[in-house]
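Participant: Got a file for you: target-v5.csv, CSV, N, CA and C atoms.
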```csv
chain,number,residue,atom,x,y,z
A,1,MET,N,-15.2,-27.3,-3.4
A,1,MET,CA,-14.7,-27.2,-2.0
A,1,MET,C,-15.5,-28.0,-1.1
A,2,SER,N,-16.4,-28.8,-1.6
A,2,SER,CA,-17.3,-29.5,-0.7
A,2,SER,C,-16.7,-30.8,-0.1
A,3,ALA,N,-17.1,-31.1,1.1
A,3,ALA,CA,-16.7,-32.3,1.8
A,3,ALA,C,-18.0,-32.8,2.5
A,4,ASP,N,-17.9,-34.0,3.0
A,4,ASP,CA,-19.0,-34.5,3.8
A,4,ASP,C,-19.3,-33.6,5.0
A,5,LEU,N,-20.6,-33.4,5.3
A,5,LEU,CA,-21.0,-32.7,6.5
A,5,LEU,C,-21.6,-33.7,7.4
A,6,ARG,N,-21.0,-33.8,8.6
A,6,ARG,CA,-21.5,-34.7,9.6
A,6,ARG,C,-22.3,-33.8,10.6
A,7,ILE,N,-23.4,-34.3,11.2
A,7,ILE,CA,-24.2,-33.5,12.1
A,7,ILE,C,-24.5,-34.4,13.3
A,8,THR,N,-24.1,-33.9,14.5
A,8,THR,CA,-24.5,-34.6,15.7
A,8,THR,C,-25.6,-33.8,16.3
A,9,VAL,N,-26.5,-34.5,17.0
A,9,VAL,CA,-27.7,-33.9,17.6
A,9,VAL,C,-27.7,-34.3,19.1
A,10,GLY,N,-27.8,-33.4,19.9
A,10,GLY,CA,-27.8,-33.7,21.4
A,10,GLY,C,-28.9,-33.0,22.1
A,11,GLU,N,-29.4,-33.7,23.1
A,11,GLU,CA,-30.5,-33.1,24.0
A,11,GLU,C,-29.8,-32.2,25.0
A,12,ALA,N,-30.3,-31.0,25.1
A,12,ALA,CA,-29.7,-30.0,26.1
A,12,ALA,C,-30.8,-29.6,27.1
A,13,GLY,N,-31.9,-30.2,27.2
A,13,GLY,CA,-32.9,-29.8,28.1
A,13,GLY,C,-34.3,-30.0,27.5
A,14,ASP,N,-35.3,-29.6,28.2
A,14,ASP,CA,-36.7,-29.7,27.8
A,14,ASP,C,-36.9,-28.9,26.5
A,15,HIS,N,-37.2,-29.6,25.5
A,15,HIS,CA,-37.5,-29.0,24.1
A,15,HIS,C,-36.3,-28.2,23.6
A,16,LEU,N,-35.1,-28.5,24.0
A,16,LEU,CA,-33.9,-27.8,23.6
A,16,LEU,C,-32.9,-28.8,23.0
A,17,ALA,N,-32.5,-28.6,21.8
A,17,ALA,CA,-31.5,-29.5,21.1
A,17,ALA,C,-30.4,-28.7,20.6
A,18,VAL,N,-29.2,-29.3,20.6
A,18,VAL,CA,-28.0,-28.7,20.0
A,18,VAL,C,-27.6,-29.6,18.8
A,19,LEU,N,-27.4,-28.9,17.6
A,19,LEU,CA,-27.0,-29.6,16.4
A,19,LEU,C,-25.6,-29.0,16.1
A,20,THR,N,-24.6,-30.0,15.9
A,20,THR,CA,-23.2,-29.6,15.7
A,20,THR,C,-22.8,-30.1,14.3
A,21,PRO,N,-22.9,-29.2,13.3
A,21,PRO,CA,-22.4,-29.6,12.0
A,21,PRO,C,-20.8,-29.6,12.0
A,22,THR,N,-20.2,-30.6,11.3
A,22,THR,CA,-18.8,-30.7,11.2
A,22,THR,C,-18.4,-30.8,9.8
A,23,GLY,N,-17.6,-29.8,9.3
A,23,GLY,CA,-17.2,-29.9,7.9
A,23,GLY,C,-17.6,-28.6,7.2
A,24,VAL,N,-17.8,-28.8,5.9
A,24,VAL,CA,-18.1,-27.7,5.0
A,24,VAL,C,-19.6,-27.5,4.8
A,25,LEU,N,-20.1,-26.3,5.0
A,25,LEU,CA,-21.5,-26.1,4.8
A,25,LEU,C,-21.6,-25.3,3.4
A,26,ASP,N,-21.9,-26.0,2.4
A,26,ASP,CA,-22.0,-25.3,1.0
A,26,ASP,C,-23.1,-25.9,0.2
A,27,PHE,N,-23.1,-25.6,-1.1
A,27,PHE,CA,-24.2,-26.0,-2.0
A,27,PHE,C,-24.4,-27.5,-1.9
A,28,CYS,N,-23.4,-28.3,-1.8
A,28,CYS,CA,-23.5,-29.7,-1.8
A,28,CYS,C,-23.9,-30.3,-0.5
A,29,THR,N,-23.8,-29.6,0.6
A,29,THR,CA,-24.1,-30.2,1.9
A,29,THR,C,-25.2,-29.4,2.7
A,30,ALA,N,-25.6,-28.3,2.2
A,30,ALA,CA,-26.6,-27.5,2.9
A,30,ALA,C,-27.9,-28.2,3.1
A,31,ASP,N,-28.4,-29.0,2.2
A,31,ASP,CA,-29.6,-29.8,2.3
A,31,ASP,C,-29.6,-30.7,3.5
A,32,VAL,N,-28.4,-31.3,3.8
A,32,VAL,CA,-28.2,-32.2,4.9
A,32,VAL,C,-28.5,-31.5,6.2
A,33,LEU,N,-28.0,-30.2,6.4
A,33,LEU,CA,-28.3,-29.5,7.6
A,33,LEU,C,-29.8,-29.1,7.6
A,34,HIS,N,-30.3,-28.7,6.5
A,34,HIS,CA,-31.7,-28.3,6.5
A,34,HIS,C,-32.6,-29.5,6.9
A,35,GLU,N,-32.4,-30.6,6.4
A,35,GLU,CA,-33.2,-31.8,6.7
A,35,GLU,C,-33.1,-32.2,8.2
A,36,ARG,N,-31.9,-32.1,8.7
A,36,ARG,CA,-31.6,-32.6,10.1
A,36,ARG,C,-32.2,-31.6,11.1
A,37,VAL,N,-32.1,-30.3,10.8
A,37,VAL,CA,-32.6,-29.3,11.7
A,37,VAL,C,-34.2,-29.3,11.6
A,38,THR,N,-34.7,-29.4,10.4
A,38,THR,CA,-36.2,-29.5,10.3
A,38,THR,C,-36.7,-30.7,11.0
A,39,ALA,N,-36.1,-31.8,10.9
A,39,ALA,CA,-36.6,-33.0,11.6
A,39,ALA,C,-36.5,-32.8,13.1
A,40,THR,N,-35.5,-32.1,13.6
A,40,THR,CA,-35.3,-31.9,15.0
A,40,THR,C,-36.3,-30.9,15.5
A,41,MET,N,-36.7,-29.9,14.7
A,41,MET,CA,-37.7,-28.9,15.1
A,41,MET,C,-39.1,-29.6,15.3
A,42,ALA,N,-39.3,-30.7,14.7
A,42,ALA,CA,-40.6,-31.4,14.9
A,42,ALA,C,-40.8,-31.8,16.4
A,43,THR,N,-39.7,-32.0,17.1
A,43,THR,CA,-39.8,-32.5,18.5
A,43,THR,C,-39.2,-31.5,19.5
A,44,HIS,N,-38.5,-30.4,19.0
A,44,HIS,CA,-37.9,-29.5,19.9
A,44,HIS,C,-38.2,-28.1,19.5
A,45,ARG,N,-38.6,-27.2,20.5
A,45,ARG,CA,-39.0,-25.8,20.1
A,45,ARG,C,-37.8,-24.9,20.1
A,46,HIS,N,-36.7,-25.3,20.7
A,46,HIS,CA,-35.5,-24.5,20.8
A,46,HIS,C,-34.3,-25.2,20.2
A,47,ILE,N,-33.7,-24.6,19.2
A,47,ILE,CA,-32.5,-25.2,18.5
A,47,ILE,C,-31.3,-24.3,18.6
A,48,VAL,N,-30.2,-24.9,19.0
A,48,VAL,CA,-28.9,-24.2,18.9
A,48,VAL,C,-28.1,-24.9,17.9
A,49,VAL,N,-27.5,-24.2,16.9
A,49,VAL,CA,-26.6,-24.7,16.0
A,49,VAL,C,-25.2,-24.3,16.4
A,50,ASP,N,-24.4,-25.3,16.9
A,50,ASP,CA,-23.1,-25.0,17.3
A,50,ASP,C,-22.2,-25.0,16.1
A,51,MET,N,-21.7,-23.9,15.6
A,51,MET,CA,-21.0,-23.7,14.4
A,51,MET,C,-19.5,-23.9,14.5
A,52,SER,N,-19.1,-24.3,15.7
A,52,SER,CA,-17.6,-24.3,16.0
A,52,SER,C,-16.8,-25.3,15.1
A,53,GLN,N,-17.5,-26.3,14.6
A,53,GLN,CA,-16.8,-27.3,13.7
A,53,GLN,C,-17.0,-27.1,12.2
A,54,VAL,N,-17.6,-26.0,11.9
A,54,VAL,CA,-17.9,-25.7,10.4
A,54,VAL,C,-16.6,-25.0,9.9
A,55,THR,N,-16.0,-25.7,8.9
A,55,THR,CA,-14.7,-25.2,8.4
A,55,THR,C,-14.9,-24.1,7.3
A,56,PHE,N,-16.0,-24.1,6.7
A,56,PHE,CA,-16.3,-23.1,5.6
A,56,PHE,C,-17.8,-23.1,5.4
A,57,CYS,N,-18.3,-21.9,5.2
A,57,CYS,CA,-19.7,-21.7,4.9
A,57,CYS,C,-19.9,-20.7,3.7
A,58,ASP,N,-20.6,-21.2,2.6
A,58,ASP,CA,-20.8,-20.3,1.5
A,58,ASP,C,-22.2,-19.7,1.5
A,59,SER,N,-22.6,-19.1,0.4
A,59,SER,CA,-23.9,-18.4,0.4
A,59,SER,C,-25.0,-19.5,0.4
A,60,SER,N,-24.8,-20.7,-0.1
A,60,SER,CA,-25.9,-21.7,0.1
A,60,SER,C,-26.1,-22.1,1.5
A,61,GLY,N,-25.0,-22.2,2.3
A,61,GLY,CA,-25.1,-22.5,3.7
A,61,GLY,C,-25.8,-21.4,4.4
A,62,LEU,N,-25.5,-20.1,4.1
A,62,LEU,CA,-26.1,-19.0,4.7
A,62,LEU,C,-27.6,-19.0,4.4
A,63,ASN,N,-27.9,-19.2,3.1
A,63,ASN,CA,-29.3,-19.3,2.7
A,63,ASN,C,-30.1,-20.4,3.5
A,64,THR,N,-29.5,-21.5,3.7
A,64,THR,CA,-30.1,-22.6,4.5
A,64,THR,C,-30.3,-22.1,5.9
A,65,LEU,N,-29.4,-21.5,6.5
A,65,LEU,CA,-29.5,-21.0,7.9
A,65,LEU,C,-30.7,-20.0,8.0
A,66,LEU,N,-30.8,-19.1,7.0
A,66,LEU,CA,-31.9,-18.1,6.9
A,66,LEU,C,-33.3,-18.8,6.8
A,67,ARG,N,-33.3,-19.8,5.9
A,67,ARG,CA,-34.6,-20.6,5.7
A,67,ARG,C,-35.0,-21.3,7.0
A,68,LEU,N,-34.0,-21.8,7.7
A,68,LEU,CA,-34.2,-22.5,9.0
A,68,LEU,C,-34.7,-21.5,10.1
A,69,LEU,N,-34.1,-20.3,10.1
A,69,LEU,CA,-34.6,-19.3,11.0
A,69,LEU,C,-36.0,-18.9,10.7
A,70,ARG,N,-36.3,-18.7,9.5
A,70,ARG,CA,-37.7,-18.3,9.1
A,70,ARG,C,-38.7,-19.4,9.5
A,71,ASN,N,-38.3,-20.6,9.2
A,71,ASN,CA,-39.1,-21.8,9.6
A,71,ASN,C,-39.3,-21.8,11.1
A,72,ALA,N,-38.3,-21.6,11.9
A,72,ALA,CA,-38.4,-21.6,13.3
A,72,ALA,C,-39.4,-20.5,13.8
A,73,ARG,N,-39.2,-19.3,13.3
A,73,ARG,CA,-40.1,-18.2,13.7
A,73,ARG,C,-41.6,-18.5,13.3
A,74,THR,N,-41.8,-19.1,12.1
A,74,THR,CA,-43.1,-19.4,11.6
A,74,THR,C,-43.8,-20.4,12.5
A,75,ASN,N,-43.0,-21.3,13.1
A,75,ASN,CA,-43.5,-22.4,14.0
A,75,ASN,C,-43.4,-22.1,15.5
A,76,ASP,N,-43.2,-20.8,15.8
A,76,ASP,CA,-43.1,-20.4,17.2
A,76,ASP,C,-42.0,-21.1,17.9
A,77,ALA,N,-40.8,-21.3,17.2
A,77,ALA,CA,-39.7,-21.9,17.8
A,77,ALA,C,-38.5,-20.9,17.8
A,78,THR,N,-37.4,-21.3,18.3
A,78,THR,CA,-36.2,-20.4,18.2
A,78,THR,C,-35.0,-21.2,17.6
A,79,LEU,N,-34.2,-20.4,17.0
A,79,LEU,CA,-33.0,-21.0,16.4
A,79,LEU,C,-31.8,-20.0,16.6
A,80,ALA,N,-30.8,-20.4,17.3
A,80,ALA,CA,-29.7,-19.6,17.6
A,80,ALA,C,-28.4,-20.2,17.1
A,81,LEU,N,-27.4,-19.4,16.8
A,81,LEU,CA,-26.1,-19.8,16.4
A,81,LEU,C,-25.1,-19.6,17.5
A,82,ALA,N,-24.2,-20.6,17.7
A,82,ALA,CA,-23.2,-20.5,18.7
A,82,ALA,C,-21.8,-20.7,18.1
A,83,ALA,N,-20.8,-20.1,18.7
A,83,ALA,CA,-19.4,-20.3,18.3
A,83,ALA,C,-19.2,-20.2,16.8
A,84,VAL,N,-19.6,-19.1,16.2
A,84,VAL,CA,-19.5,-19.0,14.8
A,84,VAL,C,-18.1,-18.6,14.4
A,85,PRO,N,-17.5,-19.4,13.5
A,85,PRO,CA,-16.1,-19.2,13.1
A,85,PRO,C,-15.9,-17.9,12.4
A,86,ALA,N,-14.7,-17.3,12.3
A,86,ALA,CA,-14.4,-16.0,11.8
A,86,ALA,C,-14.9,-15.9,10.3
A,87,GLN,N,-14.6,-16.9,9.5
A,87,GLN,CA,-15.0,-16.8,8.1
A,87,GLN,C,-16.5,-16.6,8.0
A,88,THR,N,-17.3,-17.4,8.8
A,88,THR,CA,-18.7,-17.3,8.7
A,88,THR,C,-19.2,-16.0,9.3
A,89,GLN,N,-18.5,-15.5,10.3
A,89,GLN,CA,-18.9,-14.2,10.9
A,89,GLN,C,-18.7,-13.1,9.9
A,90,ARG,N,-17.7,-13.2,9.1
A,90,ARG,CA,-17.5,-12.2,8.0
A,90,ARG,C,-18.6,-12.3,7.0
A,91,LEU,N,-19.0,-13.5,6.6
A,91,LEU,CA,-20.1,-13.7,5.6
A,91,LEU,C,-21.4,-13.1,6.2
A,92,LEU,N,-21.7,-13.3,7.5
A,92,LEU,CA,-22.9,-12.8,8.1
A,92,LEU,C,-22.8,-11.2,8.1
A,93,ALA,N,-21.6,-10.7,8.4
A,93,ALA,CA,-21.5,-9.2,8.5
A,93,ALA,C,-21.6,-8.6,7.1
A,94,VAL,N,-20.9,-9.1,6.1
A,94,VAL,CA,-20.9,-8.6,4.8
A,94,VAL,C,-22.4,-8.6,4.2
A,95,THR,N,-23.1,-9.6,4.5
A,95,THR,CA,-24.5,-9.7,4.0
A,95,THR,C,-25.5,-9.0,4.9
A,96,GLY,N,-25.1,-8.5,6.0
A,96,GLY,CA,-26.0,-7.9,7.0
A,96,GLY,C,-26.9,-8.8,7.7
A,97,THR,N,-26.7,-10.1,7.6
A,97,THR,CA,-27.6,-11.1,8.2
A,97,THR,C,-27.2,-11.3,9.7
A,98,HIS,N,-26.1,-10.8,10.1
A,98,HIS,CA,-25.7,-10.9,11.5
A,98,HIS,C,-26.7,-10.3,12.5
A,99,THR,N,-27.5,-9.4,11.9
A,99,THR,CA,-28.5,-8.7,12.8
A,99,THR,C,-29.8,-9.5,12.9
A,100,VAL,N,-30.0,-10.5,12.1
A,100,VAL,CA,-31.3,-11.3,12.2
A,100,VAL,C,-31.2,-12.6,13.0
A,101,PHE,N,-30.0,-13.0,13.2
A,101,PHE,CA,-29.7,-14.3,14.0
A,101,PHE,C,-29.4,-13.9,15.5
A,102,PRO,N,-29.9,-14.7,16.4
A,102,PRO,CA,-29.3,-14.7,17.7
A,102,PRO,C,-28.0,-15.4,17.7
A,103,ILE,N,-26.9,-14.7,17.9
A,103,ILE,CA,-25.6,-15.3,17.8
A,103,ILE,C,-24.9,-15.1,19.1
A,104,HIS,N,-24.3,-16.3,19.6
A,104,HIS,CA,-23.6,-16.3,20.9
A,104,HIS,C,-22.2,-16.7,20.7
A,105,ALA,N,-21.3,-16.2,21.5
A,105,ALA,CA,-19.9,-16.4,21.4
A,105,ALA,C,-19.5,-17.9,21.7
A,106,SER,N,-20.3,-18.6,22.5
A,106,SER,CA,-20.0,-19.9,22.8
A,106,SER,C,-21.3,-20.8,23.0
A,107,LEU,N,-21.1,-22.1,23.0
A,107,LEU,CA,-22.3,-22.9,23.2
A,107,LEU,C,-22.8,-22.8,24.6
A,108,VAL,N,-22.0,-22.6,25.6
A,108,VAL,CA,-22.4,-22.4,27.0
A,108,VAL,C,-23.3,-21.1,27.0
A,109,GLU,N,-22.9,-20.1,26.4
A,109,GLU,CA,-23.7,-18.8,26.4
A,109,GLU,C,-25.0,-19.0,25.7
A,110,ALA,N,-25.0,-19.7,24.6
A,110,ALA,CA,-26.2,-20.0,23.8
A,110,ALA,C,-27.2,-20.8,24.6
A,111,LEU,N,-26.7,-21.8,25.3
A,111,LEU,CA,-27.6,-22.7,26.1
A,111,LEU,C,-28.2,-21.9,27.3
A,112,ALA,N,-27.4,-21.1,27.9
A,112,ALA,CA,-27.9,-20.3,29.0
A,112,ALA,C,-29.0,-19.3,28.5
A,113,SER,N,-28.8,-18.7,27.4
A,113,SER,CA,-29.8,-17.8,26.8
A,113,SER,C,-31.1,-18.6,26.5
A,114,GLN,N,-30.9,-19.7,25.8
A,114,GLN,CA,-32.1,-20.5,25.4
A,114,GLN,C,-32.9,-21.0,26.6
A,115,ARG,N,-32.2,-21.4,27.6
A,115,ARG,CA,-32.9,-21.9,28.8
A,115,ARG,C,-33.6,-20.7,29.5
A,116,HIS,N,-33.0,-19.6,29.5
A,116,HIS,CA,-33.6,-18.4,30.1
A,116,HIS,C,-34.9,-18.0,29.4
A,117,HIS,N,-34.9,-18.0,28.1
A,117,HIS,CA,-36.0,-17.7,27.3
A,117,HIS,C,-37.1,-18.7,27.3
A,118,SER,N,-36.7,-20.0,27.5
A,118,SER,CA,-37.7,-21.0,27.5
A,118,SER,C,-38.4,-21.2,28.9
A,119,GLN,N,-37.9,-20.5,29.9
A,119,GLN,CA,-38.5,-20.6,31.2
A,119,GLN,C,-39.8,-19.8,31.2
A,120,PRO,N,-40.8,-20.4,31.9
A,120,PRO,CA,-42.1,-19.6,32.0
A,120,PRO,C,-41.8,-18.4,32.9
A,121,HIS,N,-42.3,-17.2,32.5
A,121,HIS,CA,-42.1,-16.0,33.2
A,121,HIS,C,-43.4,-15.8,34.1
A,122,HIS,N,-43.1,-15.6,35.4
A,122,HIS,CA,-44.1,-15.3,36.4
A,122,HIS,C,-44.1,-13.9,36.8
A,123,SER,N,-45.2,-13.3,36.8
A,123,SER,CA,-45.2,-11.8,37.2
A,123,SER,C,-45.3,-11.8,38.7
A,124,ARG,N,-44.7,-10.8,39.2
A,124,ARG,CA,-44.7,-10.6,40.7
A,124,ARG,C,-45.9,-9.7,41.0
A,125,PRO,N,-46.5,-9.9,42.2
A,125,PRO,CA,-47.7,-9.2,42.6
A,125,PRO,C,-47.3,-7.7,42.9
```
Translate the structure described by the file into structure tokens.
Facilitator:
Amino acid sequence: MSADLRITVGEAGDHLAVLTPTGVLDFCTADVLHERVTATMATHRHIVVDMSQVTFCDSSGLNTLLRLLRNARTNDATLALAAVPAQTQRLLAVTGTHTVFPIHASLVEALASQRHHSQPHHSRP
């Protein structure tokens, strides 16, 4: 079921990047996503993976997303998913992993949330 996975990377603000994988996220392509996100995490503390163009995700793709989330948390970074397609939403729900990821309905929502969390918080007197 594998096909090529293309990934675009965009700057979305200070230390915030959006990665948009396009195609199938499976055993044959999961390493491509892992390498690209890991490389981006070296220069960005906040990552949003826009899943809107993922046509299929299998357990290898899910495992890669979980590894990336663990890596982000270990390195005091954030990783959020946006616009997750129905098939991948079902995979997340069936495996119970929908509770461990920050998941947003749209890229706009994810970016707003990431920008809010990356802002320094000032306490009021």
Participant: Quick one: distance from CA of Ala105 (chain A) to atom N of Ala80 (chain A) in Å, one decimal?
Facilitator: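 We find that CA of Ala105 (chain A) and atom N of Ala80 (chain A) lie 12.3 Å from each other.
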Participant: What does the distance from CA of His46 (chain A) to CA of Leu92 (chain A) come to in Å, to one decimal?
Facilitator: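 CA of Leu92 (chain A) lies at a distance of 21.4 Å from CA of His46 (chain A).
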Participant: From a backbone DSSP assignment, name each residue in region 3-120 of chain A labelled helix (DSSP H, G or I), as a ChimeraX atom specification.
Facilitator: /A:30-41,51-53,59-74,86-95,97-99,107-118
Participant: Pick out the residues sitting within 7 Å of region 22-38 of chain A, and hand them over as an MDAnalysis selection string; count all atoms listed in the file, and ignore anything fewer than 4 positions along from it in its own chain.
Facilitator: chainID A and resid 1:8 42:43 52:62 64 68
Participant: List the neighbours of Ala83 (chain A) out to 10 Å using only C-alpha atoms; skip same-chain residues closer than 2 positions along the sequence, and give me the result as an NGL selection string.
Facilitator: :A and (49-54 or 81 or 85-86 or 89 or 103-110)
Participant: Hey, which of A:Ala77, A:Leu19, A:Val48, A:Val9 ends up closest to Leu111 (chain A)? Count all atoms listed in the file.
Facilitator: A:Val48
Participant: What is the atom N of Val84 (chain A)-atom C of Pro102 (chain A) distance in Å, reported with one decimal?
Facilitator: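 Distance between the two atoms: 9.3 Å.
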Participant: Which one is closest to Ser113 (chain A): A:Ala72, A:Leu79, A:Ala39, A:Leu66? Count only C-alpha atoms.
Facilitator: A:Leu79
